[in-house]
Each structure stands twice: as C-alpha cells, then as structure tokens.
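S.K.: Take this structure first; my questions come after.
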Amino acid sequence: MDKPLVVNSWNEWDPLEEIVVGIADNACYEPTEPGNRPAVRNHPDVPFPTGPKPPEAIERANEELAGLVALLESQGVTVRRPDPHDFSQPVRTPDFAVENQYCSVCPRDVMITLGNEIVEATMSRRARYFEYRPYRRLVYAYWNADPRVEWTTAPKPTMADDMYRQEFWEWPLEERHARMHSFEFCITQDEVVFDAADMSRFGRDVLVQESMTTNRAGIRWLKRHLEPRGFRVHPVHFPLDFFPSHIDCTFVPLRPGLVLTNPERPLREGEERMFLDNGWELVDAPQPTSTNEEMPRYCQSSKWLSMNVLSISPTKVICEEREKPLQELLDKLGFEVFTVPFRNVFEYGGSLHCATWDVRRRGTREDYFPHLSYEPLV
Ligand code: ARG
C-alpha cells in the first residue's frame, strides 16, 4: 500500500481530513487602494478606519474561529493555523506602496489545493501582496513530508497604478449595468491576476469566476497551468453581481449533483448548461437572515455570506448559527447540519468557507460531467 497522500483535495465536499483555519491576530483595516474602496456600512461619508483593528474586535473574531476549530476537531479533522504576521507593516515594492496589510483570516482567498498541488494565487490587491507569508511554514511542511506534493506560486503582478481601472469606482449604476456584460471591473486585462477564492472545484472540472479579483489573463494562466494536469477550467460569470469577488457566496457545490445557488446572482445565460446536461440540480439559497444594511459595520461583504458554508463531507455541513432558513433547507436536502456563531469574523473578509483552506479530503479525481463539450486552450 502506498503511503496516504499528504495533500489531496479535488472538490469542496469530500470527507475532510485536514484543514487550515485562519486567525485574526494582528489584523488591520483594509486600506483604500486602487483595487479596493472599503466603506463604513450605511455611512459612506464616514472615513474608513486605518491601521490595526482594536484588540477587542480581534478577540471576538478569534473566539469564533476557535469555536470552528473545536467543532472540526470533534469531527476528527486535523486543524492547522497560520503563522503570526505583522500586518501593520507597510509594503513598498518598485511599483507601489501601501500603508498597511490586511489579515490572515481568509486563507481561502490566497491558497488552493487542486488535487495534489498547492497553488498560491497572484492576489489582486496591494495590501494582500504578501498574504502567502503566514502559510509558508505549512506549505514547506507538506512539501517536505511527501514528494508527491506539487507547489506552485502564480506570477506576481506589478499592482502598479496602470494595472487598475480607477474609474470603475465612479461608474453610476446604469453604467455598471451596461458594463457588467463586458466583465470589466477594477483590474485591467494586461497582467495575470486571480484570487484563489474565485475558483470552485468539482473533481476534474474547476470553475473560475471573472470578477474584480480575477481577470481573463488570470483565467488563461489557470487553464494553461491546469489543463496539462488533466483539469478542465470553466470561466463563469454572474452578470447581476456588480461587485463580484470570490465565488463562494454565489455558487456553492454541496455534494455530487447539487449546487447551492444565489437567487439574486444567476449564471450568465448558457453557463448553466454543463450542470443541466449532466444531471446536476441547482437549488436557490433562502434569503439571508440579515439585510445588507444589517451586516456588521466594517464588513465589506454582502448578506450572502449566509451561504458561505463549509462541508465536512457529502452529508455534513457547517452553517452560521443565525441562518435558520438555510439550515432548514440543508436539513431537508438530507444534510446533517452543524452550526457555529461566526458574525464577528465577517469584517475580516468572509465566513466559514472563506476562513479555511482544505488541504486533504478523502477522495480521488472524479469526472462529474461526463457529457461536456470542452475546448482546451491547445
Ligand atoms: N464578495 C462576496 C459577497 O459579498 C464575499 C465573498 C467572500 N468570500 C471569500 N472567500 N472571502 O457576496
């Protein structure tokens, strides 16, 4: 018998064995920069705070993260945590300067396991340029432990001014509506740019959302990198999401044949074909329990963090404590539903799926889309 693989995860739902859970230590408010205009919820005229987050806010988030860790461990999952990193340090490169960094609460945005390979994303924002650093010790440990582990860091973009389209932030709603079909957001197409959380894994098929954080060159790079490794990479679009970033509040696979969808963000026409032709069911999530106005003051994500669930297996899923309507739906769909409070984590960039990076799930590469017409790059 071969030794078990140290890094092995092909989809979002196989039985979970090892995962990294983020930590809020040393987190800072995200700075205003060409790729990001953070705003205080319901108070667009109040300046967004800068520098380190207050210790009480960090403690509250860490408590909830610890609750998630305890639940995962009680389910037999090995949990690892990132290394401390001083996010209050400014970053200066030959191409840009930014006054502080962000946090290590959302490994999902930076790191992705694609089979037996770990890929570090290019990232799209200056404050997140060095966000791979808190995970490097873990990456080295996995890489040293098993010669079958592949490790790739995607090309770092310059993040210079001309990588961004600053006018994006000024577009009035009608223009946004008109432009969404061309999928031009706050980054241009000249450099390879992607965040890991714009991907969703379905065995040999990987979806990539074109967004504010992933451009077409980024998707091309992923195709060229992954196709020779046996993957098929499918760009997807959600035209009604005017500020798209990260696919895991929009299109969330739960088990083979079932995706949780966002009723306010349908797929671009035609892109649902691969699912319908292959017997997949797309089930709309219920309305979240909070309106956008009721989300935490410094949280930059939408109310749809409600659907950012984390699968422990094809039959067990973790859901935020307050999201009762979603819990009921998942229960009806046959899942055993676990809950944890997580709202104090929201202002650090996400919920349960965002705050994790699964390194090992028991399973192999499957083809869940046997009826597919696919055009490889070469
Ligand atoms: N942009 C998403 C929304 O507001 C939030 C995505 C969070 N996901 C993540 N991996 N950080 O709906």
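FYI, nothing fancy with the structure tokens labels: chains A, B, ... in order, residues from 1 per chain, ligands from 1 as they appear.
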How would you write, as a PyMOL selection string, the set of residues in stretch 77-291 of chain A that DSSP gives as helix (DSSP H, G or I)?

M.R.: chain A and resi 107-110+126-128+133-145+161-163+166-170+173-182+196-198+216-229+247-249+273-276

S.K.: Throw together the list of residues within 10 Å of ligand 1, counting only C-alpha atoms and all ligand atoms, and drop it here as a PyMOL selection string.

M.R.: chain A and resi 105-110+195-199+211-213+241-250+262+265+292+299-308+346+348-357

S.K.: Could the residues in this selection be written to a file with C-alpha atoms, as a short mmCIF file (atom, residue, chain, number, x, y, z; two decimals), in the first residue's frame?

M.R.:
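Now in result-v9.cif:
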```cif
data_model
loop_
_atom_site.label_atom_id
_atom_site.label_comp_id
_atom_site.auth_asym_id
_atom_site.auth_seq_id
_atom_site.Cartn_x
_atom_site.Cartn_y
_atom_site.Cartn_z
CA VAL A 105 -8.41 35.24 8.47
CA CYS A 106 -9.21 34.08 4.92
CA PRO A 107 -6.67 31.53 3.66
CA ARG A 108 -9.28 30.60 1.01
CA ASP A 109 -8.55 33.82 -0.87
CA VAL A 110 -4.83 33.06 -1.20
CA ASP A 195 -7.54 35.33 -6.10
CA ALA A 196 -7.85 31.65 -5.17
CA ALA A 197 -11.40 32.11 -3.86
CA ASP A 198 -12.71 32.83 -7.35
CA MET A 199 -12.35 29.09 -8.04
CA SER A 211 -14.51 39.25 -11.16
CA MET A 212 -12.96 42.33 -9.53
CA THR A 213 -10.24 40.00 -8.23
CA ASP A 241 -23.29 40.86 -9.25
CA PHE A 242 -21.95 44.38 -9.84
CA PHE A 243 -19.06 43.95 -7.39
CA PRO A 244 -18.10 40.30 -7.82
CA SER A 245 -15.21 38.90 -5.85
CA HIS A 246 -14.88 35.28 -4.72
CA ILE A 247 -17.36 32.68 -5.90
CA ASP A 248 -18.26 31.15 -2.52
CA CYS A 249 -21.24 33.39 -1.75
CA THR A 250 -22.67 32.87 -5.21
CA ASN A 262 -27.72 32.66 -5.14
CA ARG A 265 -26.99 36.23 -8.94
CA ASN A 292 -27.22 44.18 3.62
CA CYS A 299 -17.86 44.14 6.87
CA GLN A 300 -17.29 44.65 3.13
CA SER A 301 -19.14 41.50 2.06
CA SER A 302 -22.82 41.13 1.29
CA LYS A 303 -25.60 39.44 3.27
CA TRP A 304 -24.89 36.36 1.12
CA LEU A 305 -22.11 35.37 3.49
CA SER A 306 -25.07 33.31 4.73
CA MET A 307 -24.37 30.72 2.02
CA ASN A 308 -20.62 30.54 2.69
CA PHE A 346 -17.39 38.82 8.84
CA TYR A 348 -12.22 40.08 8.23
CA GLY A 349 -13.38 39.16 4.74
CA GLY A 350 -15.73 36.24 4.93
CA SER A 351 -17.46 33.40 6.68
CA LEU A 352 -16.87 29.66 7.15
CA HIS A 353 -15.64 28.70 3.69
CA CYS A 354 -13.50 31.83 3.28
CA ALA A 355 -11.82 31.37 6.66
CA THR A 356 -10.49 27.93 5.75
CA TRP A 357 -8.25 26.15 3.26
#
```

S.K.: Would you mind reading off the distance between atom CA of A:Tyr102 and atom CA of A:Gly218, one decimal, in Å?

M.R.: 22.3 Å

S.K.: Find the residues around A:Thr113 up to 8 Å (only C-alpha atoms counted), leave out those fewer than 2 positions away in its own chain, and share them as a list in words.

M.R.: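 With the cut-off at 8 Å, the set is Val7, Asn8, Ser9, Trp10, Met111, Gly115, Asn116, Glu117, Ile118, Val119, Trp357, Asp358 and Val359 of chain A.
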
S.K.: Taking all heavy atoms for each residue, export the selection above as an mmCIF file, in the first residue's frame.

M.R.:
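Listing of part-v5.cif after writing:
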```
data_model
loop_
_atom_site.group_PDB
_atom_site.id
_atom_site.type_symbol
_atom_site.label_atom_id
_atom_site.label_comp_id
_atom_site.auth_asym_id
_atom_site.auth_seq_id
_atom_site.Cartn_x
_atom_site.Cartn_y
_atom_site.Cartn_z
ATOM 1 N N VAL A 7 -1.229 15.917 0.704
ATOM 2 C CA VAL A 7 -2.062 16.971 0.105
ATOM 3 C C VAL A 7 -2.949 16.318 -0.944
ATOM 4 O O VAL A 7 -2.443 15.714 -1.899
ATOM 5 C CB VAL A 7 -1.180 18.068 -0.526
ATOM 6 C CG1 VAL A 7 -2.020 19.026 -1.359
ATOM 7 C CG2 VAL A 7 -0.415 18.816 0.558
ATOM 8 N N ASN A 8 -4.242 16.391 -0.760
ATOM 9 C CA ASN A 8 -5.166 15.713 -1.677
ATOM 10 C C ASN A 8 -6.579 16.259 -1.487
ATOM 11 O O ASN A 8 -7.262 15.935 -0.535
ATOM 12 C CB ASN A 8 -5.162 14.201 -1.382
ATOM 13 C CG ASN A 8 -6.032 13.416 -2.341
ATOM 14 O OD1 ASN A 8 -5.701 13.272 -3.510
ATOM 15 N ND2 ASN A 8 -7.164 12.925 -1.867
ATOM 16 N N SER A 9 -6.996 17.117 -2.379
ATOM 17 C CA SER A 9 -8.366 17.637 -2.281
ATOM 18 C C SER A 9 -8.834 18.020 -3.676
ATOM 19 O O SER A 9 -8.233 18.862 -4.330
ATOM 20 C CB SER A 9 -8.409 18.838 -1.329
ATOM 21 O OG SER A 9 -9.732 19.301 -1.200
ATOM 22 N N TRP A 10 -9.913 17.369 -4.124
ATOM 23 C CA TRP A 10 -10.357 17.509 -5.509
ATOM 24 C C TRP A 10 -11.665 18.254 -5.650
ATOM 25 O O TRP A 10 -12.109 18.528 -6.767
ATOM 26 C CB TRP A 10 -10.502 16.112 -6.136
ATOM 27 C CG TRP A 10 -9.209 15.384 -6.195
ATOM 28 C CD1 TRP A 10 -8.697 14.525 -5.259
ATOM 29 C CD2 TRP A 10 -8.226 15.467 -7.239
ATOM 30 N NE1 TRP A 10 -7.463 14.069 -5.653
ATOM 31 C CE2 TRP A 10 -7.154 14.622 -6.867
ATOM 32 C CE3 TRP A 10 -8.154 16.165 -8.445
ATOM 33 C CZ2 TRP A 10 -6.014 14.468 -7.667
ATOM 34 C CZ3 TRP A 10 -7.028 16.003 -9.242
ATOM 35 C CH2 TRP A 10 -5.973 15.165 -8.854
ATOM 36 N N MET A 111 -4.823 30.654 -0.962
ATOM 37 C CA MET A 111 -4.288 29.302 -1.136
ATOM 38 C C MET A 111 -5.372 28.380 -1.691
ATOM 39 O O MET A 111 -6.524 28.463 -1.289
ATOM 40 C CB MET A 111 -3.842 28.745 0.218
ATOM 41 C CG MET A 111 -2.934 29.663 1.025
ATOM 42 S SD MET A 111 -1.353 30.001 0.245
ATOM 43 C CE MET A 111 -0.628 28.366 0.212
ATOM 44 N N GLY A 115 -6.119 18.974 -6.309
ATOM 45 C CA GLY A 115 -5.606 17.609 -6.322
ATOM 46 C C GLY A 115 -4.459 17.479 -5.353
ATOM 47 O O GLY A 115 -4.621 17.676 -4.148
ATOM 48 N N ASN A 116 -3.246 17.203 -5.869
ATOM 49 C CA ASN A 116 -2.071 17.051 -5.005
ATOM 50 C C ASN A 116 -1.149 18.256 -5.118
ATOM 51 O O ASN A 116 0.014 18.205 -4.741
ATOM 52 C CB ASN A 116 -1.320 15.771 -5.366
ATOM 53 C CG ASN A 116 -2.251 14.570 -5.420
ATOM 54 O OD1 ASN A 116 -2.368 13.911 -6.449
ATOM 55 N ND2 ASN A 116 -2.952 14.313 -4.338
ATOM 56 N N GLU A 117 -1.700 19.330 -5.650
ATOM 57 C CA GLU A 117 -0.912 20.540 -5.847
ATOM 58 C C GLU A 117 -1.462 21.687 -4.988
ATOM 59 O O GLU A 117 -2.671 21.882 -4.894
ATOM 60 C CB GLU A 117 -0.969 20.945 -7.324
ATOM 61 C CG GLU A 117 -0.192 22.214 -7.610
ATOM 62 C CD GLU A 117 -0.178 22.595 -9.085
ATOM 63 O OE1 GLU A 117 -0.990 22.046 -9.850
ATOM 64 O OE2 GLU A 117 0.651 23.445 -9.443
ATOM 65 N N ILE A 118 -0.545 22.443 -4.399
ATOM 66 C CA ILE A 118 -0.912 23.676 -3.703
ATOM 67 C C ILE A 118 -0.571 24.827 -4.635
ATOM 68 O O ILE A 118 0.549 24.909 -5.135
ATOM 69 C CB ILE A 118 -0.114 23.825 -2.389
ATOM 70 C CG1 ILE A 118 -0.525 22.734 -1.389
ATOM 71 C CG2 ILE A 118 -0.310 25.222 -1.791
ATOM 72 C CD1 ILE A 118 0.363 22.676 -0.153
ATOM 73 N N VAL A 119 -1.541 25.709 -4.883
ATOM 74 C CA VAL A 119 -1.276 26.886 -5.699
ATOM 75 C C VAL A 119 -1.482 28.131 -4.847
ATOM 76 O O VAL A 119 -2.502 28.272 -4.166
ATOM 77 C CB VAL A 119 -2.190 26.940 -6.949
ATOM 78 C CG1 VAL A 119 -1.960 28.226 -7.735
ATOM 79 C CG2 VAL A 119 -1.968 25.731 -7.847
ATOM 80 N N TRP A 357 -8.908 26.668 4.477
ATOM 81 C CA TRP A 357 -8.249 26.154 3.264
ATOM 82 C C TRP A 357 -8.075 24.661 3.478
ATOM 83 O O TRP A 357 -7.266 24.236 4.304
ATOM 84 C CB TRP A 357 -6.902 26.867 3.057
ATOM 85 C CG TRP A 357 -5.915 26.118 2.206
ATOM 86 C CD1 TRP A 357 -6.186 25.360 1.090
ATOM 87 C CD2 TRP A 357 -4.494 26.034 2.406
ATOM 88 N NE1 TRP A 357 -5.027 24.821 0.587
ATOM 89 C CE2 TRP A 357 -3.978 25.215 1.372
ATOM 90 C CE3 TRP A 357 -3.613 26.576 3.353
ATOM 91 C CZ2 TRP A 357 -2.621 24.919 1.264
ATOM 92 C CZ3 TRP A 357 -2.261 26.272 3.241
ATOM 93 C CH2 TRP A 357 -1.775 25.460 2.202
ATOM 94 N N ASP A 358 -8.847 23.865 2.762
ATOM 95 C CA ASP A 358 -8.763 22.420 2.963
ATOM 96 C C ASP A 358 -7.557 21.867 2.219
ATOM 97 O O ASP A 358 -7.359 22.119 1.039
ATOM 98 C CB ASP A 358 -10.050 21.706 2.539
ATOM 99 C CG ASP A 358 -10.525 22.116 1.160
ATOM 100 O OD1 ASP A 358 -10.695 23.323 0.926
ATOM 101 O OD2 ASP A 358 -10.669 21.230 0.299
ATOM 102 N N VAL A 359 -6.765 21.098 2.935
ATOM 103 C CA VAL A 359 -5.520 20.545 2.404
ATOM 104 C C VAL A 359 -5.721 19.080 2.019
ATOM 105 O O VAL A 359 -5.135 18.587 1.061
ATOM 106 C CB VAL A 359 -4.406 20.681 3.462
ATOM 107 C CG1 VAL A 359 -3.152 19.934 3.053
ATOM 108 C CG2 VAL A 359 -4.099 22.159 3.712
#
```

S.K.: Between A:Val208, A:Leu372, A:Ala66, A:Ala127, single out the one closest to A:Asp277, counting only C-alpha atoms.

M.R.: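 That would be A:Leu372, the residue with the smallest distance to A:Asp277.
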
S.K.: Applying 8 Å and only C-alpha atoms, which residues near A:Pro341 remain after dropping the ones on its own chain fewer than 3 positions away? List them as a list in words.

M.R.: Glu64, Gly67, Glu320, Glu321 and Arg322 of chain A

S.K.: To one decimal in Å, tell me the separation between atom CA of A:Thr291 and atom CA of A:Gln101.

M.R.: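 Taking atom CA of A:Thr291 as the start and atom CA of A:Gln101 as the end point, the length is 28.8 Å.
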
S.K.: Just checking: using only C-alpha atoms, which residue out of A:Tyr142, A:Pro172, A:Glu347, A:Pro263 ends up closest to A:Glu30?

M.R.: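 Looking only at the distances to A:Glu30, the closest residue turns out to be A:Glu347.
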
S.K.: Of the residues A:Val21, A:Ala178, A:Ile219, A:Val91, which is the one nearest to A:Pro239, using only C-alpha atoms?

M.R.: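 Selected residue with least distance to A:Pro239: A:Ala178.
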
S.K.: I'd like the neighbourhood of A:Arg268 as a short mmCIF file (atom, residue, chain, number, x, y, z; two decimals) with N, CA and C atoms, in the first residue's frame, where a residue qualifies if any of its atoms comes within 12 Å (using only C-alpha atoms), though same-chain residues fewer than 5 positions away should be ignored.

M.R.:
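Saved as out_20.cif:
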```cif
data_model
loop_
_atom_site.label_atom_id
_atom_site.label_comp_id
_atom_site.auth_asym_id
_atom_site.auth_seq_id
_atom_site.Cartn_x
_atom_site.Cartn_y
_atom_site.Cartn_z
N MET A 180 -21.49 45.37 -17.13
CA MET A 180 -21.26 44.07 -16.49
C MET A 180 -21.17 42.96 -17.53
N HIS A 181 -21.79 43.18 -18.70
CA HIS A 181 -21.75 42.13 -19.71
C HIS A 181 -20.39 42.06 -20.39
N SER A 182 -19.62 43.13 -20.27
CA SER A 182 -18.27 43.05 -20.84
C SER A 182 -17.29 42.58 -19.75
N PHE A 183 -17.76 42.47 -18.54
CA PHE A 183 -16.93 42.00 -17.43
C PHE A 183 -15.60 42.74 -17.33
N GLN A 209 -14.51 32.27 -11.59
CA GLN A 209 -15.37 33.42 -11.79
C GLN A 209 -14.54 34.62 -12.27
N GLU A 210 -14.99 35.26 -13.35
CA GLU A 210 -14.36 36.52 -13.76
C GLU A 210 -14.94 37.62 -12.88
N PRO A 235 -14.54 29.22 -17.26
CA PRO A 235 -14.83 30.57 -16.78
C PRO A 235 -16.34 30.72 -16.58
N VAL A 236 -16.74 31.35 -15.48
CA VAL A 236 -18.17 31.60 -15.26
C VAL A 236 -18.39 33.07 -14.88
N HIS A 237 -19.61 33.52 -15.07
CA HIS A 237 -19.96 34.93 -14.91
C HIS A 237 -21.31 35.06 -14.23
N PHE A 238 -21.43 36.07 -13.41
CA PHE A 238 -22.69 36.33 -12.72
C PHE A 238 -23.04 37.79 -12.96
N PRO A 239 -23.72 38.08 -14.11
CA PRO A 239 -23.86 39.47 -14.56
C PRO A 239 -24.59 40.39 -13.58
N LEU A 240 -25.39 39.84 -12.69
CA LEU A 240 -26.12 40.73 -11.78
C LEU A 240 -25.34 41.07 -10.52
N ASP A 241 -24.15 40.49 -10.37
CA ASP A 241 -23.29 40.86 -9.25
C ASP A 241 -22.38 41.99 -9.73
N ARG A 273 -25.64 25.26 -18.64
CA ARG A 273 -25.75 24.06 -19.49
C ARG A 273 -24.98 22.86 -18.95
#
```

S.K.: DSSP on the backbone: what in stretch 59-271 of chain A comes out strand (DSSP E or B), as a ChimeraX atom specification?

M.R.: /A:78-80,91-92,97-98,104,111-115,117-120,150-153,164,187,199-203,205-209,232-236,251-255,258-261

S.K.: For stretch 106-169 of chain A against stretch 71-90 of chain A, with a cut-off of 9 Å and counting only C-alpha atoms, what is the closest atom pair and its distance in Å to one decimal for every residue that makes the cut, ordered by chain and number, as a Markdown table?

M.R.:
```
| residue | atom | partner | partner_atom | distance |
| --- | --- | --- | --- | --- |
| A:Pro107 | CA | A:Pro82 | CA | 8.5 |
| A:Ala127 | CA | A:Pro90 | CA | 8.4 |
| A:Glu131 | CA | A:His85 | CA | 8.8 |
| A:Arg133 | CA | A:His85 | CA | 7.5 |
| A:Pro134 | CA | A:Asp83 | CA | 4.6 |
| A:Tyr135 | CA | A:Pro82 | CA | 5.4 |
| A:Arg136 | CA | A:Asp83 | CA | 8.4 |
| A:Arg137 | CA | A:Asp83 | CA | 7.4 |
| A:Leu138 | CA | A:Pro82 | CA | 7.6 |
```
